[in-house]
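start_25.txt (compact mmCIF, C-alpha atoms)
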```txt
# COMPACT_ATOMS: atom_id res chain seq x y z
CA MET Z 163 8.43 22.68 39.37
CA PHE Z 164 5.06 20.95 39.39
CA GLY Z 165 4.86 17.20 40.06
CA GLN Z 166 2.84 14.56 38.20
CA GLU Z 167 -0.15 14.69 40.57
CA GLU Z 168 -0.40 18.50 40.36
CA VAL Z 169 -0.17 18.56 36.58
CA THR Z 170 -2.77 15.79 36.32
CA TRP Z 171 -5.11 17.72 38.63
CA VAL Z 172 -4.79 20.83 36.44
CA LYS Z 173 -5.36 18.75 33.31
CA GLU Z 174 -8.55 17.24 34.78
CA ARG Z 175 -9.79 20.67 35.82
CA HIS Z 176 -9.40 22.16 32.33
CA LYS Z 177 -9.73 19.18 29.98
CA GLU Z 178 -13.31 19.93 28.85
CA LEU Z 179 -12.29 23.48 27.98
CA ILE Z 180 -9.40 22.22 25.87
CA LEU Z 181 -11.39 19.42 24.21
CA ALA Z 182 -14.04 21.95 23.18
CA LYS Z 183 -11.57 23.83 20.99
CA PRO Z 184 -11.68 23.09 17.25
CA ASN Z 185 -8.90 20.81 15.97
CA VAL Z 186 -8.26 19.30 19.45
CA VAL Z 187 -8.76 15.51 19.61
CA GLY Z 188 -7.25 14.73 23.02
CA VAL Z 189 -5.57 16.01 26.18
CA GLY Z 190 -3.11 14.51 28.64
CA THR Z 191 0.11 15.10 30.55
CA GLY Z 192 3.64 14.81 29.25
CA PHE Z 193 7.07 16.38 29.02
CA LYS Z 194 7.34 19.73 27.24
CA GLN Z 195 8.83 19.63 23.73
CA SER Z 196 11.20 22.46 22.84
CA ARG Z 197 12.86 22.86 19.42
CA GLY Z 198 12.46 19.17 18.66
CA ARG Z 199 13.81 17.98 22.01
CA THR Z 200 12.03 16.56 25.03
CA THR Z 201 12.64 18.56 28.22
CA ASP Z 202 12.18 17.38 31.83
CA LYS Z 203 9.34 19.83 32.48
CA LEU Z 204 5.88 18.32 32.94
CA CYS Z 205 3.02 20.03 31.15
CA VAL Z 206 -0.57 19.67 29.98
CA VAL Z 207 -0.54 18.33 26.41
CA ALA Z 208 -3.21 19.18 23.84
CA LEU Z 209 -3.40 16.68 20.97
CA VAL Z 210 -4.48 18.29 17.69
CA ARG Z 211 -5.30 16.97 14.22
CA GLU Z 212 -2.96 19.49 12.63
CA LYS Z 213 -0.73 22.23 13.99
CA VAL Z 214 -1.84 25.61 12.71
CA PRO Z 215 0.19 28.84 13.11
CA LYS Z 216 -1.23 31.10 15.83
CA ALA Z 217 -1.82 33.85 13.25
CA GLY Z 218 -4.25 31.55 11.46
CA LEU Z 219 -6.41 30.87 14.54
CA HIS Z 220 -9.11 32.89 16.25
CA PRO Z 221 -8.03 33.81 19.80
CA ASP Z 222 -10.80 31.61 21.23
CA SER Z 223 -9.35 28.60 19.37
CA LEU Z 224 -5.88 28.91 20.87
CA VAL Z 225 -4.73 26.55 23.62
CA PRO Z 226 -3.60 28.76 26.55
CA SER Z 227 0.17 28.80 27.04
CA GLU Z 228 -0.40 27.86 30.68
CA LEU Z 229 -3.18 26.70 32.98
CA ASP Z 230 -3.05 27.54 36.69
CA GLY Z 231 0.68 28.13 36.33
CA VAL Z 232 1.30 24.82 34.49
CA ARG Z 233 2.76 25.13 30.98
CA THR Z 234 0.95 23.58 28.02
CA ASP Z 235 2.17 21.98 24.83
CA VAL Z 236 0.51 21.17 21.51
CA ILE Z 237 1.29 17.94 19.64
CA GLN Z 238 0.03 17.06 16.16
CA VAL Z 239 -1.39 13.52 16.04
CA GLY Z 240 -3.63 13.53 12.95
CA GLU Z 241 -7.12 12.05 12.86
CA LEU Z 242 -7.51 9.38 15.53
CA ARG Z 243 -9.36 6.24 14.41
CA ALA Z 244 -10.17 2.89 15.91
CA LEU Z 245 -7.47 0.49 14.75
CA GLN Z 246 -8.66 -2.33 12.53
CA THR Z 247 -6.98 -5.39 11.08
CA ARG Z 248 -5.86 -4.71 7.52
CA THR Z 249 -7.91 -7.70 6.36
CA ASP Z 250 -11.14 -6.24 7.81
CA ARG Z 251 -13.85 -4.41 5.88
CA ILE Z 252 -12.71 -0.80 6.37
CA ARG Z 253 -14.64 2.35 5.45
CA PRO Z 254 -13.43 4.86 4.43
CA ILE Z 255 -10.66 2.86 2.75
CA PRO Z 256 -6.98 3.82 3.19
CA GLY Z 257 -4.02 2.46 1.29
CA GLY Z 258 -2.26 -0.56 2.79
CA VAL Z 259 -5.34 -2.77 3.28
CA SER Z 260 -6.77 -5.93 1.72
CA LEU Z 261 -8.17 -5.56 -1.79
CA GLY Z 262 -8.64 -7.74 -4.86
CA HIS Z 263 -10.41 -8.72 -8.05
CA TYR Z 264 -13.40 -10.89 -7.25
CA LYS Z 265 -11.66 -13.99 -8.67
CA VAL Z 266 -8.30 -13.66 -6.86
CA THR Z 267 -7.32 -14.21 -3.22
CA ALA Z 268 -6.23 -10.80 -1.90
CA GLY Z 269 -3.53 -8.21 -2.35
CA THR Z 270 -2.97 -4.66 -1.17
CA LEU Z 271 -4.47 -1.31 -2.13
CA GLY Z 272 -1.33 0.68 -2.91
CA CYS Z 273 -2.61 4.24 -3.05
CA VAL Z 274 -4.82 6.65 -4.96
CA VAL Z 275 -3.53 8.09 -8.23
CA ARG Z 276 -5.14 10.38 -10.81
CA ASP Z 277 -5.90 9.80 -14.46
CA ARG Z 278 -3.31 11.83 -16.37
CA ASP Z 279 -5.82 13.37 -18.78
CA ILE Z 280 -9.01 13.98 -16.80
CA GLY Z 281 -7.86 13.80 -13.16
CA THR Z 282 -10.22 11.00 -12.06
CA ARG Z 283 -9.18 9.36 -8.79
CA LEU Z 284 -8.12 5.74 -9.32
CA ILE Z 285 -6.96 2.90 -7.06
CA LEU Z 286 -3.45 1.62 -7.84
CA SER Z 287 -2.32 -1.97 -7.31
CA ASN Z 288 -0.89 -4.86 -9.36
CA ASN Z 289 -2.28 -6.54 -12.46
CA HIS Z 290 -2.34 -9.85 -10.59
CA VAL Z 291 -4.31 -8.22 -7.76
CA LEU Z 292 -6.84 -6.16 -9.75
CA ALA Z 293 -6.86 -7.89 -13.15
CA ASN Z 294 -6.30 -11.56 -12.23
CA SER Z 295 -3.02 -11.79 -14.20
CA ASN Z 296 -4.58 -10.67 -17.52
CA ASP Z 297 -7.69 -12.85 -17.07
CA ALA Z 298 -10.06 -9.98 -16.25
CA ARG Z 299 -12.07 -7.40 -18.16
CA PRO Z 300 -12.59 -3.68 -17.53
CA GLY Z 301 -15.66 -3.27 -15.34
CA ASP Z 302 -14.99 -6.40 -13.27
CA PRO Z 303 -15.77 -6.05 -9.53
CA ILE Z 304 -12.97 -5.09 -7.11
CA LEU Z 305 -13.58 -5.99 -3.47
CA GLN Z 306 -12.41 -4.63 -0.13
CA PRO Z 307 -11.49 -6.81 1.65
CA GLY Z 308 -10.27 -9.26 -0.97
CA PRO Z 309 -12.10 -12.59 -1.43
CA SER Z 310 -9.75 -14.62 0.80
CA ASP Z 311 -10.43 -12.15 3.62
CA GLY Z 312 -14.18 -12.57 3.33
CA GLY Z 313 -14.95 -10.04 0.59
CA ARG Z 314 -18.17 -10.71 -1.34
CA VAL Z 315 -19.44 -9.00 -4.49
CA GLU Z 316 -22.91 -8.32 -3.08
CA ARG Z 317 -21.64 -6.31 -0.10
CA ASP Z 318 -17.94 -5.43 -0.56
CA MET Z 319 -17.61 -4.18 -4.15
CA VAL Z 320 -15.84 -0.81 -3.93
CA ALA Z 321 -14.49 -0.31 -7.45
CA THR Z 322 -14.45 -1.64 -10.99
CA LEU Z 323 -11.37 -2.54 -13.01
CA GLU Z 324 -10.42 0.44 -15.18
CA ARG Z 325 -7.31 -0.72 -17.09
CA PHE Z 326 -4.16 -2.79 -16.68
CA CYS Z 327 -0.75 -3.36 -18.22
CA THR Z 328 -0.82 -6.78 -19.87
CA ILE Z 329 1.83 -9.18 -18.54
CA GLN Z 330 3.80 -10.82 -21.36
CA PHE Z 331 4.51 -14.35 -20.15
CA SER Z 332 7.72 -16.12 -21.19
CA THR Z 333 6.30 -19.58 -20.49
CA GLU Z 334 2.73 -20.76 -19.89
CA PRO Z 335 0.61 -23.88 -20.39
CA ALA Z 336 0.24 -24.98 -24.00
CA THR Z 337 -3.01 -24.33 -25.85
CA CYS Z 338 -1.97 -25.96 -29.11
CA GLY Z 339 -4.03 -29.12 -29.79
CA LEU Z 340 -1.24 -30.70 -31.83
CA ALA Z 341 1.33 -30.24 -29.06
CA ASN Z 342 -1.03 -31.50 -26.36
CA GLY Z 343 -1.90 -34.50 -28.51
CA TYR Z 344 1.78 -35.28 -28.98
CA ALA Z 345 2.32 -35.15 -25.21
CA SER Z 346 -0.69 -37.39 -24.56
CA VAL Z 347 0.52 -40.05 -26.97
CA GLY Z 348 4.07 -39.86 -25.68
CA ASN Z 349 3.01 -40.18 -22.06
CA THR Z 350 0.72 -43.13 -22.86
CA LEU Z 351 3.63 -44.95 -24.53
CA ALA Z 352 5.91 -44.10 -21.63
CA LYS Z 353 3.40 -45.56 -19.19
CA LEU Z 354 3.04 -48.77 -21.24
CA LEU Z 355 6.83 -49.12 -21.40
CA LYS Z 356 6.99 -48.46 -17.62
CA SER Z 357 9.20 -45.42 -18.15
CA LYS Z 358 9.39 -42.92 -15.28
CA HIS Z 359 9.73 -40.00 -17.70
CA ARG Z 360 6.84 -37.89 -18.97
CA VAL Z 361 6.46 -35.20 -21.63
CA THR Z 362 5.22 -31.74 -20.66
CA VAL Z 363 4.43 -29.12 -23.30
CA TYR Z 364 4.26 -25.38 -22.80
CA GLN Z 365 4.24 -22.16 -24.77
CA SER Z 366 7.54 -20.35 -24.85
CA ASP Z 367 8.31 -16.76 -25.86
CA PRO Z 368 11.92 -16.00 -24.87
CA GLU Z 369 11.64 -12.44 -26.19
CA ALA Z 370 8.69 -11.50 -23.93
CA THR Z 371 9.69 -8.83 -21.39
CA ASN Z 372 7.89 -6.53 -18.97
CA ARG Z 373 8.51 -3.38 -16.99
CA VAL Z 374 5.45 -3.42 -14.71
CA ASP Z 375 2.79 -5.59 -13.09
CA ALA Z 376 0.23 -2.83 -12.55
CA ALA Z 377 -3.43 -1.90 -12.83
CA VAL Z 378 -5.92 0.75 -11.72
CA ALA Z 379 -9.55 0.54 -10.65
CA ARG Z 380 -12.23 3.23 -10.54
CA PRO Z 381 -13.91 3.69 -7.13
CA ILE Z 382 -17.70 3.39 -7.13
CA ASP Z 383 -17.84 6.12 -4.48
CA SER Z 384 -14.69 8.23 -4.55
CA VAL Z 385 -15.45 9.65 -1.10
CA GLU Z 386 -15.05 6.19 0.43
CA VAL Z 387 -11.41 5.88 -0.71
CA LEU Z 388 -8.81 7.92 1.17
CA ASP Z 389 -5.62 9.43 -0.23
CA GLU Z 390 -3.90 8.39 3.01
CA ILE Z 391 -1.80 5.21 3.34
CA LEU Z 392 -1.91 3.53 6.77
CA ASP Z 393 1.16 4.34 8.91
CA ILE Z 394 2.64 6.51 6.13
CA GLY Z 395 0.29 9.35 5.23
CA VAL Z 396 -0.56 11.09 1.97
CA VAL Z 397 2.09 10.65 -0.70
CA GLY Z 398 2.51 13.77 -2.81
CA GLY Z 399 4.97 12.94 -5.57
CA THR Z 400 7.67 10.57 -6.77
CA ALA Z 401 11.39 10.11 -6.32
CA PRO Z 402 13.99 8.07 -8.25
CA ALA Z 403 15.47 5.06 -6.46
CA TRP Z 404 19.14 5.02 -5.46
CA LEU Z 405 21.36 2.35 -3.92
CA GLY Z 406 21.21 2.40 -0.13
CA MET Z 407 18.03 4.49 -0.14
CA PRO Z 408 15.97 3.99 3.05
CA VAL Z 409 12.40 3.00 2.14
CA ARG Z 410 9.13 1.87 3.71
CA LYS Z 411 5.85 0.27 2.75
CA SER Z 412 2.41 -0.44 4.20
CA GLY Z 413 0.84 -3.76 3.18
CA ARG Z 414 -2.07 -6.08 3.84
CA THR Z 415 -0.02 -8.95 5.38
CA THR Z 416 3.07 -7.54 7.09
CA GLY Z 417 1.81 -4.01 7.73
CA PHE Z 418 4.42 -1.27 8.01
CA THR Z 419 7.99 -2.37 7.23
CA THR Z 420 11.22 -0.58 6.40
CA GLY Z 421 14.38 -1.43 4.51
CA GLN Z 422 17.00 -0.27 2.03
CA ILE Z 423 17.37 -0.55 -1.73
CA THR Z 424 20.11 -3.09 -2.47
CA VAL Z 425 19.88 -3.66 -6.25
CA LEU Z 426 18.80 -1.46 -9.17
CA GLU Z 427 18.06 -2.17 -12.85
CA ALA Z 428 17.47 -5.84 -12.05
CA THR Z 429 16.34 -8.41 -14.61
CA VAL Z 430 14.27 -11.07 -12.87
CA ILE Z 431 12.15 -14.12 -13.78
CA ILE Z 432 8.94 -14.20 -11.74
CA LYS Z 433 6.71 -17.26 -11.28
CA TYR Z 434 2.94 -16.84 -11.58
CA GLY Z 435 1.69 -20.31 -10.70
CA ASP Z 436 2.39 -22.40 -13.81
CA ARG Z 437 3.47 -19.34 -15.80
CA SER Z 438 6.60 -17.20 -15.67
CA ALA Z 439 7.44 -13.69 -16.84
CA ARG Z 440 10.65 -11.71 -17.28
CA PHE Z 441 10.89 -8.18 -15.88
CA GLU Z 442 13.55 -5.57 -16.66
CA GLY Z 443 14.70 -2.51 -14.71
CA GLN Z 444 13.40 -3.62 -11.32
CA ILE Z 445 14.17 -2.40 -7.77
CA ILE Z 446 15.17 -4.86 -5.04
CA THR Z 447 15.28 -4.48 -1.25
CA GLY Z 448 15.84 -6.94 1.56
CA SER Z 449 12.81 -8.91 2.76
CA MET Z 450 9.97 -6.43 3.45
CA SER Z 451 6.92 -8.48 2.48
CA LYS Z 452 4.96 -11.71 2.39
CA PRO Z 453 2.16 -13.00 0.13
CA GLY Z 454 -0.75 -10.57 0.21
CA ASP Z 455 1.48 -7.48 0.27
CA SER Z 456 1.48 -7.27 -3.54
CA GLY Z 457 0.34 -3.84 -4.65
CA SER Z 458 1.90 -1.96 -1.73
CA LEU Z 459 3.48 1.39 -2.55
CA LEU Z 460 7.21 1.73 -1.85
CA VAL Z 461 7.83 5.14 -0.28
CA ALA Z 462 11.06 7.01 0.49
CA GLY Z 463 12.07 6.65 4.13
CA ASP Z 464 12.54 10.37 4.71
CA SER Z 465 9.78 11.93 2.61
CA LEU Z 466 6.27 11.33 1.30
CA LEU Z 467 7.47 10.44 -2.20
CA ALA Z 468 6.64 7.23 -4.06
CA VAL Z 469 9.54 5.12 -5.33
CA GLY Z 470 8.05 1.83 -6.55
CA LEU Z 471 5.18 -0.67 -6.61
CA LEU Z 472 5.70 -3.97 -4.77
CA PHE Z 473 4.80 -7.01 -6.86
CA ALA Z 474 7.01 -10.01 -6.03
CA GLY Z 475 9.59 -11.41 -3.65
CA SER Z 476 10.89 -14.29 -1.59
CA ASP Z 477 11.94 -14.90 2.01
CA GLN Z 478 15.15 -12.98 1.27
CA VAL Z 479 14.16 -10.09 -1.03
CA THR Z 480 11.23 -7.95 -2.20
CA ILE Z 481 10.91 -6.67 -5.77
CA TYR Z 482 9.27 -3.49 -7.08
CA ASN Z 483 8.43 -1.83 -10.38
CA PRO Z 484 9.90 1.72 -10.57
CA ILE Z 485 7.04 4.12 -9.94
CA HIS Z 486 7.72 6.26 -13.02
CA ASP Z 487 7.30 3.15 -15.23
CA VAL Z 488 4.05 2.30 -13.45
CA LEU Z 489 2.56 5.77 -13.87
CA ASP Z 490 3.72 6.14 -17.47
CA ASN Z 491 2.27 2.80 -18.54
CA LEU Z 492 -1.04 3.43 -16.77
CA GLU Z 493 -1.27 7.06 -17.96
CA ALA Z 494 -1.61 8.22 -14.36
CA VAL Z 495 -0.04 10.76 -11.99
CA MET Z 496 0.41 10.91 -8.22
```

Target encoding structure tokens, full file:
Amino acid sequence: MFGQEEVTWVKERHKELILAKPNVVGVGTGFKQSRGRTTDKLCVVALVREKVPKAGLHPDSLVPSELDGVRTDVIQVGELRALQTRTDRIRPIPGGVSLGHYKVTAGTLGCVVRDRDIGTRLILSNNHVLANSNDARPGDPILQPGPSDGGRVERDMVATLERFCTIQFSTEPATCGLANGYASVGNTLAKLLKSKHRVTVYQSDPEATNRVDAAVARPIDSVEVLDEILDIGVVGGTAPAWLGMPVRKSGRTTGFTTGQITVLEATVIIKYGDRSARFEGQIITGSMSKPGDSGSLLVAGDSLLAVGLLFAGSDQVTIYNPIHDVLDNLEAVM
């Protein structure tokens, strides 16, 4: 059996030969993998973007099974990139990084979806990330990174708002002049009478309900936006949520986190500053996020299938729209 120094010497002797082969992105030493298990046999390891069956490779492209009597192994590692902070300006742009409408702070680019009718690639995130909680118009600039991470329209505009699902607010500041006048008079009298109580008026619509907080944007240059989500990969479909389901997400603030689904079909009241909105049919996990993670895609823990779209939470829980509701309402597909 060869020792570490001998295997390293063989690796150094042949590394340029291995690195010259197409699909190889690195070479090193390690323990041989066999049928999914790590053995105790040292070998020369070739790191490849993607494992390809031998029948699909030209003989000159194959990594030799051994070098100077030392066995080799091939490990798939994907495309290797310099790691960047998720709040940096990143090109090309993967899912899981800072993004936002030019008038918001910042949220997360969830993933790329396709228009259901014409197949155009679109960026998926929340209404409150891409459409400023209803206060935006189609064509508005979308920045990467988001404004609070230094994004500026003149240099960081990567998409334009395409469409969004309007949030129906249950309560929001009053716009009625009569009601505001009543409050002003009442509060003036209260002040004169040295009362500690004040009148606040607001609009109320107890019947307003929602299923999703979602929007899509059209990339200015589709080539600059990747299908890949950082630390997850390329999601290729959807899956229904179930209680106890292991899940994961990749977001702007907390990065890659995992958890389990704890509640289904939840009815929740969500605060949006001085407004609130009721949502039906929501998915809940334990705490997997912090502010800035809104828009992250919830993905099954054991497959590349989308489950939900992260949009709200607290220190104890994170809340998601079911992905089928998101796609149906936005007329999009994975």

Closest pair table for range 267-344 of chain Z residues within 6 Å of range 371-382 of chain Z, all atoms listed in the file, as JSON lines:
```
{"residue": "Z:Leu284", "atom": "CA", "partner": "Z:Arg380", "partner_atom": "CA", "distance": 5.0}
{"residue": "Z:Ile285", "atom": "CA", "partner": "Z:Ala379", "partner_atom": "CA", "distance": 5.0}
{"residue": "Z:Leu286", "atom": "CA", "partner": "Z:Val378", "partner_atom": "CA", "distance": 4.7}
{"residue": "Z:Ser287", "atom": "CA", "partner": "Z:Ala377", "partner_atom": "CA", "distance": 5.6}
{"residue": "Z:Asn288", "atom": "CA", "partner": "Z:Ala376", "partner_atom": "CA", "distance": 3.9}
{"residue": "Z:Asn289", "atom": "CA", "partner": "Z:Ala376", "partner_atom": "CA", "distance": 4.5}
{"residue": "Z:Val320", "atom": "CA", "partner": "Z:Ile382", "partner_atom": "CA", "distance": 5.6}
{"residue": "Z:Ala321", "atom": "CA", "partner": "Z:Pro381", "partner_atom": "CA", "distance": 4.1}
{"residue": "Z:Thr322", "atom": "CA", "partner": "Z:Arg380", "partner_atom": "CA", "distance": 5.4}
{"residue": "Z:Leu323", "atom": "CA", "partner": "Z:Ala379", "partner_atom": "CA", "distance": 4.3}
{"residue": "Z:Glu324", "atom": "CA", "partner": "Z:Ala379", "partner_atom": "CA", "distance": 4.6}
{"residue": "Z:Arg325", "atom": "CA", "partner": "Z:Val378", "partner_atom": "CA", "distance": 5.7}
{"residue": "Z:Phe326", "atom": "CA", "partner": "Z:Ala377", "partner_atom": "CA", "distance": 4.0}
{"residue": "Z:Cys327", "atom": "CA", "partner": "Z:Ala376", "partner_atom": "CA", "distance": 5.8}
```

#### Entry: Residue contacts of Asp490 in chain Z (10 Å, all atoms listed in the file) excluding same-chain residues fewer than 5 positions away, as JSON, numbers by chain
{"Z": [278, 485, 495]}

Could you list, with a cut-off of 10 Å and counting all atoms listed in the file, the residues of range 205-316 of chain Z near range 454-472 of chain Z, each shown with its nearest atom pair and the distance in Å rounded to one decimal, rows sorted by chain and ascending number, as CSV?
```
residue,atom,partner,partner_atom,distance
Z:Thr249,CA,Z:Gly454,CA,9.9
Z:Gly257,CA,Z:Ser458,CA,8.0
Z:Gly258,CA,Z:Ser458,CA,6.3
Z:Val259,CA,Z:Asp455,CA,8.8
Z:Ser260,CA,Z:Gly454,CA,7.7
Z:Leu261,CA,Z:Gly457,CA,9.1
Z:Gly262,CA,Z:Gly457,CA,9.8
Z:Thr267,CA,Z:Gly454,CA,8.3
Z:Ala268,CA,Z:Gly454,CA,5.9
Z:Gly269,CA,Z:Gly454,CA,4.5
Z:Thr270,CA,Z:Gly457,CA,4.9
Z:Leu271,CA,Z:Gly457,CA,6.0
Z:Gly272,CA,Z:Ser458,CA,4.3
Z:Cys273,CA,Z:Leu459,CA,6.7
Z:Leu286,CA,Z:Gly457,CA,7.4
Z:Ser287,CA,Z:Gly457,CA,4.2
Z:Asn288,CA,Z:Gly457,CA,5.0
Z:Asn289,CA,Z:Gly457,CA,8.7
Z:His290,CA,Z:Ser456,CA,8.4
Z:Val291,CA,Z:Gly457,CA,7.1
Z:Leu292,CA,Z:Gly457,CA,9.1
Z:Gly308,CA,Z:Gly454,CA,9.7
Z:Ser310,CA,Z:Gly454,CA,9.9
```

### Message
I want to know what sits within 8 Å of Val172 in chain Z, based on all atoms listed in the file, with residues of the same chain fewer than 2 positions away left out; could you give that as a list in words?
### Response
Glu168, Val169, Thr170, Glu174, Arg175, His176, Val206, Leu229, Asp230 and Val232 of chain Z

### Query
Which residues come within 12 Å of Phe193 in chain Z, counting only C-alpha atoms, excluding same-chain residues fewer than 6 positions away, as an NGL selection string?
:Z and (164-166 or 169 or 199-208 or 232-237)

### Separation of CA of Val274 in chain Z from CA of Leu388 in chain Z, in Å and rounded to one decimal
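Here the two named atoms are 7.4 Å from each other.
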
### Z:Leu209, Z:Ile180, Z:Ala439, Z:Val430 ranked by distance to Glu369 in chain Z, top pick (using all atoms listed in the file)
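Of Z:Leu209, Z:Ile180, Z:Ala439, Z:Val430, the one nearest Glu369 in chain Z, counting all atoms listed in the file, is Z:Ala439.
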
### Summary
Here CA of Leu492 in chain Z and CA of Tyr264 in chain Z stand apart by 21.2 Å

Using the atoms already present, construct N, CA and C atoms for range 460-473 of chain Z and hand them back as a CSV table (one decimal), in the frame of the given file.
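And here's selection.csv as it stands now:
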```
chain,number,residue,atom,x,y,z
Z,460,LEU,N,5.9,1.5,-2.5
Z,460,LEU,CA,7.2,1.7,-1.8
Z,460,LEU,C,7.4,3.2,-1.8
Z,461,VAL,N,7.7,3.7,-0.5
Z,461,VAL,CA,7.8,5.1,-0.3
Z,461,VAL,C,9.2,5.4,0.3
Z,462,ALA,N,9.8,6.6,-0.1
Z,462,ALA,CA,11.1,7.0,0.5
Z,462,ALA,C,11.0,7.1,2.0
Z,463,GLY,N,12.1,6.7,2.7
Z,463,GLY,CA,12.1,6.6,4.1
Z,463,GLY,C,12.0,8.0,4.8
Z,464,ASP,N,12.5,9.1,4.1
Z,464,ASP,CA,12.5,10.4,4.7
Z,464,ASP,C,11.6,11.4,4.1
Z,465,SER,N,10.7,11.0,3.2
Z,465,SER,CA,9.8,11.9,2.6
Z,465,SER,C,8.5,11.2,2.1
Z,466,LEU,N,7.5,11.9,1.8
Z,466,LEU,CA,6.3,11.3,1.3
Z,466,LEU,C,6.3,11.3,-0.2
Z,467,LEU,N,7.3,10.6,-0.8
Z,467,LEU,CA,7.5,10.4,-2.2
Z,467,LEU,C,7.5,9.0,-2.6
Z,468,ALA,N,6.7,8.6,-3.6
Z,468,ALA,CA,6.6,7.2,-4.1
Z,468,ALA,C,7.9,6.8,-4.9
Z,469,VAL,N,8.3,5.6,-4.7
Z,469,VAL,CA,9.5,5.1,-5.3
Z,469,VAL,C,9.2,3.9,-6.2
Z,470,GLY,N,8.3,3.0,-5.8
Z,470,GLY,CA,8.0,1.8,-6.6
Z,470,GLY,C,6.7,1.2,-6.2
Z,471,LEU,N,6.4,0.1,-6.9
Z,471,LEU,CA,5.2,-0.7,-6.6
Z,471,LEU,C,5.6,-2.1,-6.4
Z,472,LEU,N,5.3,-2.6,-5.2
Z,472,LEU,CA,5.7,-4.0,-4.8
Z,472,LEU,C,4.9,-5.0,-5.6
Z,473,PHE,N,5.6,-6.0,-6.1
Z,473,PHE,CA,4.8,-7.0,-6.9
Z,473,PHE,C,5.3,-8.4,-6.7
```
